[in-house]
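Asker: Here you go, one structure.
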Amino acid sequence: MTKRHRIQFPREKQDLAQNEAFFYLMTGDSKRKIRFHDYDEIYKIPGLYEQLFYDRLKCISHKKVCEILRAAVDQSKDNLSELRVLDLGAGNGIVGENLKTMGVSRVVGIDIIPDAAAATERDRPGVYDEYYVADLTDLSDDETEEIHSWSLDCLTTVAALGFGDIPPRAFISAVNLLQKEAWVAFNIKESFLDEDDMSGFSRMIRKLIFSKYLDLYHLERYRHRLSITGEPLYYYAVAGRKNADIPIDFMKQDS
C-alpha cells in the first residue's frame with residue numbers, strides 16, 4: 001500500500017502564478033517547500049504526485065483528454081485500440097495507464113525528466129511499450145529515426161503545455177514525429193486561448209487550432225483542478241486531426 005504523505009498548503013493567501021504555487025511536505029518535525037512544477041522532486045517520492053494533484057486538488061485532466069480523444073476517434077472510421085500513441089510529457093505514467101485501460105494497445109512515452117521515467121518504472125511498469133528520456137528540441141538523428149520506427153499516429157499531452165515545461169518548438173516537433181495523418185489530443189489553460197495573451201505558446205496554439213494543419217474535432221472548457229485556495233482552475237481540452245507536418249517556420253508565417 002502506498003504511503004500517505006503529510007501535505008500542508010501555505011497558511012497565508014498567495015498571489016502566485018499557477019506554476020509558482022507551492023506546498024510543504026511534512027516529515028516528522030521538518031517541512032520541505034516544493035513548487036508544484038518541481039516535477040523531478042515530486043516524482044522521486046512514491047505516491048506524492050497522485051496524492052497532491054488527484055486526491056487533494058481533484059485533477060481530472062488525465063481522464064478528460066483521454067475521453068475527448070475517444071470522442072474524436074469515434075467520429076471517424078479509425079479504431080481507438082489500433083492507435084499508436086506518443087504520450088508527450090508522460091510523467092509517471094498516469095495518462096499512459098488511462099490509455100491502456102481504454103484499450104489502446106501501443107503507447108510510447110517521452111519526457112525530458114529522467115526522474116519521470118524512473119517513477120513510471122517504479123509505479124507503473126509495463127504501461128509503455130517504450131519510454132524515451134529526450135529533449136524534443138534537440139533530438140539526435142538516431143533518436144528521431146527510432147521514434148519514427150513506431151509509426152505513431154496519435155499524440156497526447158496533459159497539463160504540460162504553456163508554462164515552459166514544453167516549449168512551442170518541442171510540441172511542434174512531437175506533432176511532426178507522427179504519421180502525416182494522425183490524432184492530437186491535449187489540454188491548455190483557458191487563458192492561453194485569450195487573444196490578449198501574446199506569449200509564444202499561446203500564439204502558436206491559437207494559430208495551430210485554426211490552421212490547415214489541424215482539423216478541430218473537439219474543444220471543451222472544463223474544470224482542470226482546484227487551486228490551493230479551493231478555486232476552480234479552468235482549462236480547454238482539444239482534440240483534432242493532423243493533416244500534414246507543421247513547417248519549421250510556422251510561427252513566422254503570416255496568419
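Convention: chains lettered A, B, ... in C-alpha cells order; per-chain residue numbering from 1; ligands numbered from 1 as shown.
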Can you list, as a list in words, every protein, DNA or RNA residue that comes within 12 Å of Pro114 (chain A) when you count only C-alpha atoms, leaving out same-chain residues fewer than 2 positions away?

Answerer: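 Listed by chain and then number, they are Tyr39, Asp40, Glu41, Tyr43, Lys44, Gly89, Ala90, Gly91, Asn92, Ile110, Asp111, Ile112, Ala116, Ala117, Ala118, Ala119, Thr120, Glu121, Tyr131, Tyr132, Val133, Ala134 and Asp135 of chain A.
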
Asker: Give me every helix (DSSP H, G or I) residue in region 50-245 of chain A, going by DSSP on the backbone, as a VMD selection string.

Answerer: chain A and resid 50 to 56 61 to 74 80 to 82 94 to 102 114 to 123 141 to 148 168 to 176 190 to 193 200 to 209

Asker: Export, as a CSV table (one decimal), in the first residue's frame, the selected residues with C-alpha atoms.

Answerer:
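As written to disk, selection-v8.csv reads:
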```csv
chain,number,residue,atom,x,y,z
A,50,GLU,CA,-1.2,11.4,-7.2
A,51,GLN,CA,-2.0,12.5,-3.6
A,52,LEU,CA,-1.3,16.2,-4.3
A,53,PHE,CA,-2.9,16.6,-7.7
A,54,TYR,CA,-5.5,13.9,-7.9
A,55,ASP,CA,-6.6,13.4,-4.3
A,56,ARG,CA,-6.2,16.9,-2.7
A,61,SER,CA,-7.4,16.1,-16.9
A,62,HIS,CA,-5.8,12.7,-17.4
A,63,LYS,CA,-9.3,11.3,-17.9
A,64,LYS,CA,-10.8,14.3,-19.8
A,65,VAL,CA,-8.1,14.3,-22.5
A,66,CYS,CA,-8.5,10.6,-23.0
A,67,GLU,CA,-12.3,10.9,-23.1
A,68,ILE,CA,-12.2,13.6,-25.8
A,69,LEU,CA,-9.7,11.6,-27.8
A,70,ARG,CA,-12.1,8.7,-27.8
A,71,ALA,CA,-15.0,11.0,-28.8
A,72,ALA,CA,-13.0,12.4,-31.7
A,73,VAL,CA,-11.9,9.0,-32.9
A,74,ASP,CA,-15.5,7.7,-32.7
A,80,LEU,CA,-9.1,3.5,-30.8
A,81,SER,CA,-7.5,0.2,-30.0
A,82,GLU,CA,-5.3,0.4,-33.1
A,94,ILE,CA,-0.9,8.3,-15.4
A,95,VAL,CA,-2.1,9.1,-18.9
A,96,GLY,CA,-0.5,6.0,-20.4
A,97,GLU,CA,-2.3,3.9,-17.8
A,98,ASN,CA,-5.6,5.5,-18.8
A,99,LEU,CA,-4.9,4.9,-22.5
A,100,LYS,CA,-4.2,1.2,-21.8
A,101,THR,CA,-7.4,1.0,-19.7
A,102,MET,CA,-9.3,2.4,-22.7
A,114,PRO,CA,14.8,11.2,-16.0
A,115,ASP,CA,13.0,11.1,-12.7
A,116,ALA,CA,9.7,10.8,-14.6
A,117,ALA,CA,10.9,7.7,-16.4
A,118,ALA,CA,12.2,6.2,-13.1
A,119,ALA,CA,8.9,6.9,-11.4
A,120,THR,CA,7.0,5.2,-14.2
A,121,GLU,CA,9.2,2.1,-14.0
A,122,ARG,CA,8.6,2.1,-10.2
A,123,ASP,CA,4.9,2.8,-10.1
A,141,ASP,CA,19.2,11.6,-35.8
A,142,ASP,CA,19.2,8.2,-34.1
A,143,GLU,CA,16.5,9.2,-31.6
A,144,THR,CA,14.4,10.6,-34.4
A,145,GLU,CA,14.7,7.5,-36.5
A,146,GLU,CA,13.9,5.2,-33.6
A,147,ILE,CA,10.8,7.2,-32.6
A,148,HIS,CA,9.7,7.3,-36.3
A,168,PRO,CA,6.3,25.5,-28.7
A,169,ARG,CA,9.2,24.1,-30.7
A,170,ALA,CA,9.1,20.8,-28.7
A,171,PHE,CA,5.3,20.5,-29.2
A,172,ILE,CA,5.6,21.1,-33.0
A,173,SER,CA,8.5,18.5,-33.1
A,174,ALA,CA,6.3,16.0,-31.4
A,175,VAL,CA,3.4,16.6,-33.8
A,176,ASN,CA,5.9,16.1,-36.7
A,190,GLU,CA,-8.1,28.7,-20.6
A,191,SER,CA,-6.2,32.0,-20.7
A,192,PHE,CA,-3.9,30.6,-23.4
A,193,LEU,CA,-6.7,30.9,-26.0
A,200,GLY,CA,4.8,32.4,-27.9
A,201,PHE,CA,3.0,29.3,-26.8
A,202,SER,CA,-0.4,30.9,-26.8
A,203,ARG,CA,0.0,32.4,-30.2
A,204,MET,CA,1.2,29.0,-31.5
A,205,ILE,CA,-1.8,27.1,-30.2
A,206,ARG,CA,-4.3,29.6,-31.4
A,207,LYS,CA,-2.8,29.6,-34.8
A,208,LEU,CA,-2.5,25.8,-35.0
A,209,ILE,CA,-6.1,25.2,-34.0
```

Asker: Set the distance at 9 Å and use only C-alpha atoms: which residues neighbour Lys3 (chain A) once local chain neighbours fewer than 6 positions away are removed? I'd like the list as number ranges by chain.

Answerer: A: 46-48

Asker: Write out the residues from the selection above, keeping all heavy atoms, as a tab-separated table (two decimals), in the first residue's frame.

Answerer:
```
chain	number	residue	atom	x	y	z
A	46	PRO	N	7.32	8.23	-3.94
A	46	PRO	CA	6.19	7.41	-4.39
A	46	PRO	C	4.84	7.90	-3.85
A	46	PRO	O	4.69	8.16	-2.66
A	46	PRO	CB	6.52	6.02	-3.83
A	46	PRO	CG	8.00	6.02	-3.69
A	46	PRO	CD	8.37	7.43	-3.30
A	47	GLY	N	3.89	8.08	-4.77
A	47	GLY	CA	2.52	8.45	-4.39
A	47	GLY	C	2.29	9.93	-4.15
A	47	GLY	O	1.13	10.35	-4.02
A	48	LEU	N	3.34	10.74	-4.13
A	48	LEU	CA	3.16	12.16	-3.80
A	48	LEU	C	2.42	12.90	-4.92
A	48	LEU	O	1.52	13.70	-4.64
A	48	LEU	CB	4.51	12.82	-3.54
A	48	LEU	CG	4.47	14.31	-3.17
A	48	LEU	CD1	3.61	14.56	-1.93
A	48	LEU	CD2	5.89	14.86	-2.96
```

Asker: Do you have the CA of Met26 (chain A)-CA of Tyr234 (chain A) distance handy?

Answerer: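 CA of Tyr234 (chain A) lies at a distance of 28.9 Å from CA of Met26 (chain A).
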
Asker: If you count only C-alpha atoms, which residues fall within 9 Å of Trp183 (chain A), apart from same-chain ones fewer than 5 positions away, as a list of chain:residue names?

Answerer: A:Leu69, A:Ala72, A:Val73, A:Leu83, A:Val85, A:Asp153, A:Cys154, A:Leu155, A:Thr156, A:Leu178, A:Ala239, A:Gly240, A:Arg241, A:Lys242

Asker: Taking into account only C-alpha atoms, which residue in the set A:Phe9, A:Lys189, A:Val238, A:Val158 is nearest to Leu216 (chain A)?

Answerer: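 Checking each candidate against Leu216 (chain A), we get A:Val238 as the closest.
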
Asker: I'd like to know which of A:Gln8, A:Tyr213, A:Ile42, A:Leu233 is closest to Thr27 (chain A), using only C-alpha atoms.

Answerer: A:Gln8

Asker: Set the distance at 8 Å and use only C-alpha atoms: which residues neighbour Arg35 (chain A) once local chain neighbours fewer than 5 positions away are removed? I'd like the list as a list of chain:residue names.

Answerer: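 Using only C-alpha atoms, the neighbours found are A:Asn19, A:Glu20, A:Ala21, A:Phe22, A:Phe23.
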
Asker: So that I can check the surroundings of Leu25 (chain A), please list as JSON, numbers by chain every protein, DNA and RNA residue that reaches within 9 Å of it, counting only C-alpha atoms and ignoring chain neighbours fewer than 4 positions away.

Answerer: {"A": [5, 6, 7, 8, 9, 30, 31, 32, 33, 34]}

Asker: Would you save the residues of that selection, restricted to C-alpha atoms, as a PDB file, in the first residue's frame?

Answerer:
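This is the output file part.pdb:
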```pdb
ATOM      1  CA  HIS A   5       2.176  11.878   2.920  1.00  0.00           C
ATOM      2  CA  ARG A   6       1.594  14.889   5.136  1.00  0.00           C
ATOM      3  CA  ILE A   7       0.965  17.792   2.763  1.00  0.00           C
ATOM      4  CA  GLN A   8       0.449  21.325   4.043  1.00  0.00           C
ATOM      5  CA  PHE A   9      -0.561  24.304   1.933  1.00  0.00           C
ATOM      6  CA  SER A  30      10.672  19.156   9.466  1.00  0.00           C
ATOM      7  CA  LYS A  31       8.916  20.640   6.471  1.00  0.00           C
ATOM      8  CA  ARG A  32      10.174  20.970   2.943  1.00  0.00           C
ATOM      9  CA  LYS A  33       8.930  23.554   0.458  1.00  0.00           C
ATOM     10  CA  ILE A  34       8.246  22.154  -3.018  1.00  0.00           C
TER      11      ILE A  34
END
```
